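*Asks:* Have a peek at input02.cif (mmCIF, C-alpha atoms).
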```cif
data_run
#
loop_
_atom_site.label_atom_id
_atom_site.label_comp_id
_atom_site.auth_asym_id
_atom_site.auth_seq_id
_atom_site.Cartn_x
_atom_site.Cartn_y
_atom_site.Cartn_z
CA MET C 1 0.00 0.00 0.00
CA ALA C 2 1.24 3.49 -0.84
CA PHE C 3 -0.12 7.00 -0.60
CA VAL C 4 -0.14 10.10 -2.77
CA GLU C 5 -0.58 13.24 -0.68
CA GLY C 6 -1.61 16.74 -1.71
CA ARG C 7 -3.95 18.20 -4.29
CA ASN C 8 -1.67 18.54 -7.30
CA PRO C 9 -0.02 15.10 -6.87
CA VAL C 10 -3.46 13.47 -6.56
CA ILE C 11 -4.74 15.31 -9.66
CA GLU C 12 -1.73 14.14 -11.67
CA ALA C 13 -2.13 10.57 -10.38
CA ILE C 14 -5.77 10.55 -11.59
CA LYS C 15 -4.85 12.12 -14.95
CA ASN C 16 -2.08 9.56 -15.45
CA ASN C 17 -4.43 6.63 -14.74
CA ARG C 18 -2.49 5.52 -11.68
CA GLU C 19 -4.10 2.50 -10.00
CA ILE C 20 -6.04 4.15 -7.16
CA ASP C 21 -7.86 2.12 -4.49
CA LYS C 22 -9.60 5.12 -2.94
CA ILE C 23 -9.31 8.87 -2.41
CA MET C 24 -9.70 10.12 1.15
CA ILE C 25 -10.89 13.71 1.47
CA ALA C 26 -11.19 15.69 4.70
CA ASN C 27 -14.78 16.62 5.58
CA SER C 28 -13.66 20.22 5.98
CA ALA C 29 -11.99 20.42 2.55
CA LYS C 30 -14.56 21.37 -0.07
CA GLU C 31 -13.21 24.40 -1.88
CA GLY C 32 -11.04 25.06 -4.93
CA SER C 33 -9.13 22.14 -6.40
CA ILE C 34 -10.85 19.65 -4.07
CA LYS C 35 -13.98 20.11 -6.23
CA LYS C 36 -11.84 19.32 -9.29
CA ILE C 37 -10.52 16.15 -7.65
CA ILE C 38 -14.03 15.01 -6.73
CA GLY C 39 -15.21 15.63 -10.29
CA MET C 40 -12.27 13.76 -11.82
CA ALA C 41 -12.71 10.86 -9.38
CA LYS C 42 -16.42 10.52 -10.17
CA GLU C 43 -15.68 10.62 -13.90
CA LYS C 44 -13.35 7.63 -13.50
CA ASN C 45 -15.59 5.84 -10.98
CA LEU C 46 -12.98 6.04 -8.23
CA VAL C 47 -13.95 5.45 -4.61
CA ILE C 48 -14.17 8.66 -2.56
CA GLN C 49 -14.11 8.43 1.23
CA TYR C 50 -14.82 11.49 3.38
CA VAL C 51 -12.89 11.39 6.66
CA GLU C 52 -11.91 13.61 9.56
CA LYS C 53 -8.79 15.72 8.96
CA GLN C 54 -7.19 14.01 11.96
CA LYS C 55 -7.23 10.68 10.09
CA LEU C 56 -5.31 12.23 7.20
CA ASP C 57 -2.87 13.76 9.67
CA GLU C 58 -2.22 10.29 11.09
CA ILE C 59 -1.77 8.65 7.68
CA GLY C 60 0.23 11.40 6.02
CA GLU C 61 4.02 11.52 5.95
CA SER C 62 4.53 14.80 4.13
CA HIS C 63 2.67 16.92 6.73
CA ALA C 64 1.20 18.77 3.74
CA HIS C 65 -1.69 16.61 2.53
CA GLN C 66 -3.93 19.68 1.87
CA GLY C 67 -7.01 17.70 2.82
CA VAL C 68 -6.62 14.83 0.36
CA ILE C 69 -4.72 11.53 0.23
CA ALA C 70 -5.06 8.84 -2.43
CA GLN C 71 -4.36 5.22 -1.56
CA VAL C 72 -2.55 3.80 -4.58
CA SER C 73 -0.59 0.81 -5.79
CA GLU C 74 3.11 0.71 -4.87
CA TYR C 75 5.28 2.92 -7.05
CA LYS C 76 6.63 0.97 -10.03
CA TYR C 77 10.22 1.83 -10.90
CA ALA C 78 11.07 2.02 -14.58
CA ASP C 79 13.42 -0.39 -16.34
CA LEU C 80 16.43 1.51 -17.70
CA ASP C 81 16.70 -0.65 -20.84
CA GLU C 82 13.05 0.00 -21.65
CA VAL C 83 13.45 3.75 -21.14
CA LEU C 84 16.50 3.79 -23.42
CA GLU C 85 14.58 1.89 -26.10
CA ASP C 86 11.73 4.38 -25.81
CA VAL C 87 14.15 7.30 -26.27
CA LYS C 88 15.68 5.61 -29.34
CA SER C 89 12.22 5.08 -30.85
CA LYS C 90 11.61 8.83 -30.59
CA ASP C 91 14.99 9.57 -32.23
CA GLU C 92 15.93 11.93 -29.37
CA ASP C 93 19.26 12.49 -27.64
CA PRO C 94 19.07 10.66 -24.28
CA PHE C 95 19.15 12.93 -21.23
CA PHE C 96 19.36 11.29 -17.80
CA ILE C 97 19.89 12.59 -14.29
CA ILE C 98 21.99 10.26 -12.13
CA LEU C 99 21.77 10.73 -8.36
CA ASP C 100 24.61 9.52 -6.16
CA GLU C 101 23.24 8.85 -2.66
CA ILE C 102 20.65 11.63 -2.36
CA ASN C 103 19.07 11.10 1.06
CA ASP C 104 16.68 14.02 1.46
CA PRO C 105 13.20 13.17 0.07
CA HIS C 106 12.48 16.86 -0.57
CA ASN C 107 15.62 17.10 -2.71
CA LEU C 108 14.69 14.00 -4.69
CA GLY C 109 11.14 15.26 -5.25
CA SER C 110 12.41 18.67 -6.32
CA ILE C 111 14.92 17.14 -8.76
CA ILE C 112 12.17 14.99 -10.30
CA ARG C 113 10.04 18.12 -10.68
CA THR C 114 12.89 19.92 -12.46
CA ALA C 115 13.62 16.81 -14.55
CA ASP C 116 10.09 17.03 -15.94
CA ALA C 117 10.45 20.76 -16.59
CA VAL C 118 13.69 20.40 -18.59
CA GLY C 119 12.58 17.33 -20.54
CA ALA C 120 14.90 14.73 -18.99
CA HIS C 121 14.11 11.17 -20.04
CA GLY C 122 14.63 9.70 -16.59
CA VAL C 123 16.14 9.88 -13.12
CA ILE C 124 18.46 7.12 -11.91
CA ILE C 125 18.92 6.31 -8.22
CA PRO C 126 20.87 3.54 -6.43
CA LYS C 127 19.08 0.75 -4.56
CA ARG C 128 21.16 1.33 -1.43
CA ARG C 129 22.23 4.43 0.51
CA SER C 130 19.60 6.58 -1.14
CA VAL C 131 16.08 7.78 -0.47
CA HIS C 132 13.49 5.96 -2.56
CA ILE C 133 10.03 7.06 -3.75
CA THR C 134 7.98 7.94 -0.67
CA PRO C 135 4.85 10.08 -0.11
CA VAL C 136 7.16 12.98 0.80
CA VAL C 137 9.05 12.60 -2.50
CA ILE C 138 5.78 12.40 -4.43
CA LYS C 139 4.45 15.54 -2.72
CA ALA C 140 7.70 17.44 -3.33
CA SER C 141 7.60 16.49 -7.01
CA ALA C 142 4.19 18.26 -7.33
CA GLY C 143 2.92 15.46 -9.56
CA ALA C 144 5.98 15.25 -11.84
CA ILE C 145 6.61 11.70 -10.57
CA GLU C 146 3.75 10.60 -12.83
CA TYR C 147 5.67 11.70 -15.93
CA VAL C 148 9.38 11.16 -15.20
CA PRO C 149 10.57 7.53 -15.13
CA VAL C 150 12.67 6.75 -12.05
CA CYS C 151 15.06 3.82 -12.46
CA LYS C 152 16.49 2.08 -9.38
CA VAL C 153 19.81 0.40 -10.16
CA THR C 154 22.15 -1.89 -8.21
CA ASN C 155 25.38 -0.09 -9.05
CA ILE C 156 25.77 3.52 -10.22
CA VAL C 157 29.28 3.01 -11.65
CA ASN C 158 28.17 0.05 -13.77
CA THR C 159 25.14 2.05 -14.90
CA ILE C 160 27.37 4.94 -15.97
CA LYS C 161 29.50 2.50 -17.99
CA LYS C 162 26.33 1.12 -19.60
CA LEU C 163 25.16 4.61 -20.54
CA LYS C 164 28.58 5.38 -22.03
CA ASP C 165 28.26 2.25 -24.16
CA GLU C 166 24.92 3.67 -25.33
CA GLY C 167 26.74 6.81 -26.50
CA LEU C 168 26.08 9.18 -23.58
CA TRP C 169 28.62 11.61 -22.20
CA ILE C 170 28.59 11.70 -18.40
CA ALA C 171 29.08 15.01 -16.57
CA ALA C 172 29.53 15.38 -12.81
CA VAL C 173 28.37 18.46 -10.92
CA ASP C 174 31.48 19.04 -8.82
CA MET C 175 33.35 22.04 -7.40
CA ASP C 176 36.59 20.81 -9.04
CA GLY C 177 35.04 21.10 -12.49
CA ASP C 178 34.98 23.79 -15.15
CA VAL C 179 32.34 26.52 -15.26
CA PHE C 180 29.14 24.79 -16.36
CA TYR C 181 27.92 27.32 -18.93
CA GLU C 182 31.24 27.18 -20.78
CA GLN C 183 30.96 23.43 -21.39
CA ASN C 184 29.30 21.67 -24.30
CA MET C 185 26.37 19.72 -22.85
CA LYS C 186 24.48 19.12 -26.07
CA GLY C 187 23.79 15.64 -27.38
CA PRO C 188 23.35 12.40 -25.35
CA LEU C 189 24.06 13.27 -21.73
CA GLY C 190 23.94 11.92 -18.21
CA LEU C 191 24.30 14.49 -15.41
CA VAL C 192 25.49 13.22 -12.02
CA ILE C 193 24.40 15.05 -8.87
CA GLY C 194 25.97 14.04 -5.55
CA SER C 195 24.69 13.72 -2.01
CA GLU C 196 23.84 16.69 0.18
CA GLY C 197 26.77 16.25 2.56
CA TYR C 198 29.52 14.46 0.66
CA GLY C 199 29.03 15.23 -3.01
CA ILE C 200 29.85 12.58 -5.61
CA SER C 201 31.74 9.50 -4.45
CA ARG C 202 35.28 8.98 -5.75
CA LEU C 203 34.56 5.94 -7.93
CA VAL C 204 31.55 7.58 -9.54
CA LYS C 205 33.52 10.76 -10.19
CA GLU C 206 36.39 8.84 -11.77
CA ASN C 207 34.00 7.27 -14.27
CA CYS C 208 32.53 10.59 -15.42
CA ASP C 209 33.80 12.12 -18.66
CA PHE C 210 34.01 15.68 -17.32
CA LYS C 211 33.07 17.84 -14.34
CA VAL C 212 31.14 21.10 -14.21
CA LYS C 213 30.82 23.67 -11.44
CA MET C 214 28.94 26.86 -10.66
CA PRO C 215 31.05 29.94 -9.96
CA MET C 216 30.25 31.42 -6.54
CA VAL C 217 31.21 34.80 -5.14
CA GLY C 218 29.43 34.65 -1.77
CA ASN C 219 30.57 33.42 1.60
CA VAL C 220 28.79 30.07 1.44
CA THR C 221 30.62 27.75 -0.95
CA SER C 222 27.93 25.15 -1.61
CA LEU C 223 24.30 24.90 -2.67
CA ASN C 224 21.48 22.52 -1.83
CA ALA C 225 21.67 19.47 -4.15
CA SER C 226 18.33 20.18 -5.84
CA VAL C 227 19.14 23.88 -6.32
CA ALA C 228 22.58 23.16 -7.79
CA GLY C 229 21.15 20.47 -10.00
CA SER C 230 18.35 22.72 -11.25
CA ILE C 231 20.76 25.48 -12.27
CA VAL C 232 22.88 23.11 -14.36
CA LEU C 233 19.84 21.28 -15.76
CA TYR C 234 18.46 24.51 -17.16
CA GLU C 235 21.78 25.17 -18.87
CA VAL C 236 21.47 21.74 -20.49
CA LEU C 237 17.96 22.62 -21.66
CA LYS C 238 19.16 25.98 -22.98
CA GLN C 239 21.89 24.28 -25.02
CA ARG C 240 19.55 21.54 -26.26
CA LEU C 241 17.14 24.22 -27.48
CA GLY C 242 20.02 25.89 -29.30
CA LYS C 243 19.74 29.16 -27.37
#
```
Would you kindly transcribe this structure into structure tokens?
*Replies:*
Amino acid sequence: MAFVEGRNPVIEAIKNNREIDKIMIANSAKEGSIKKIIGMAKEKNLVIQYVEKQKLDEIGESHAHQGVIAQVSEYKYADLDEVLEDVKSKDEDPFFIILDEINDPHNLGSIIRTADAVGAHGVIIPKRRSVHITPVVIKASAGAIEYVPVCKVTNIVNTIKKLKDEGLWIAAVDMDGDVFYEQNMKGPLGLVIGSEGYGISRLVKENCDFKVKMPMVGNVTSLNASVAGSIVLYEVLKQRLGK
């Protein structure tokens, strides 16, 4: 059993035909987008259960359910080979975001949200020493989780090697790199973002083709993983659009 919490994530889950057992709505929540959710649920013959807000507070993990929680099937991770085949069938340059031990669910959700915005084909996370898809991640993604494939792999280094064999260049976001907007990030690309506290592990870094950094002139010499990733991801989008 899994839960999708919050109005926008629930709307996107319904739109994307996610397998939904029931939608629980707080008795006190009847305005705005709640009406939209009720309408969409009735259209698709989904079960709606009206409950006390306290029940949602007890079930919720994100502490931001906004009066609605959907009980859904467990999140199904995407198969990397299948995603790659899908990209090839569209004749597009593959664009993947590779996360090395991201442990904050808000960061993962935010990165997935940005991945959708910049047109990334998928997000890759390791099976161990990483946060997985949770209600908090789903809420932080604002519904983008329904559109961005997330692949869970056994070994990040081996996955990087596999992507290289598929023709991708692998770039690491690292303070020892070159200024990101001066690098060529067009074409097939995998962008590696490291953990909040330790950055990218040595073995992963050694298997990347090049490193990129953001110049900083302030007193704090690092950025939140999702913020740093978003800045570089938009540069990738800019270059892919030919701007």
*Asks:* Exactly which residues make up the result of the PyMOL selection byres ((chain C and resi 56) around 8) on this file, given as a list of chain:residue names?
*Replies:*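 Evaluating the PyMOL selection byres ((chain C and resi 56) around 8) on these coordinates yields C:Met24, C:Ala26, C:Val51, C:Glu52, C:Lys53, C:Gln54, C:Lys55, C:Asp57, C:Glu58, C:Ile59, C:Gly60, C:His65, C:Gly67, C:Val68, C:Ile69.
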*Asks:* Taking all atoms listed in the file into account, which of C:Tyr147, C:Asp93, C:Pro105, C:Val153 comes nearest Asn17 in chain C?
*Replies:* C:Tyr147
*Asks:* Mind giving me the straight-line distance from CA of Val148 in chain C to CA of Ala225 in chain C in Å, one decimal?
*Replies:*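 Answer for the CA of Val148 in chain C to CA of Ala225 in chain C separation: 18.5 Å.
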*Asks:* Run the PyMOL selection byres ((chain C and resi 22) around 9) against the file shown and list the residues it catches, as a PyMOL selection string.
*Replies:* chain C and resi 20-21+23-24+46-49+69-72
*Asks:* Give me the residues within 12 Å of Glu206 in chain C as a count of residues only, counting only C-alpha atoms and dropping any in the same chain fewer than 3 places off.
*Replies:* 16
*Asks:* For the provided coordinates, the residues matched by the PyMOL selection byres ((chain C and resi 106-118) around 9) should be stated as a PyMOL selection string.
*Replies:* chain C and resi 96-97+99+102-105+119-123+131-133+136-145+147-148+150+196+224-227+229-230+233-234+236-238
*Asks:* Given the choices C:Arg18, C:His63, C:Lys213, C:Lys205, which gets closest to Tyr181 in chain C if the distance is worked out from all atoms listed in the file?
*Replies:* C:Lys213
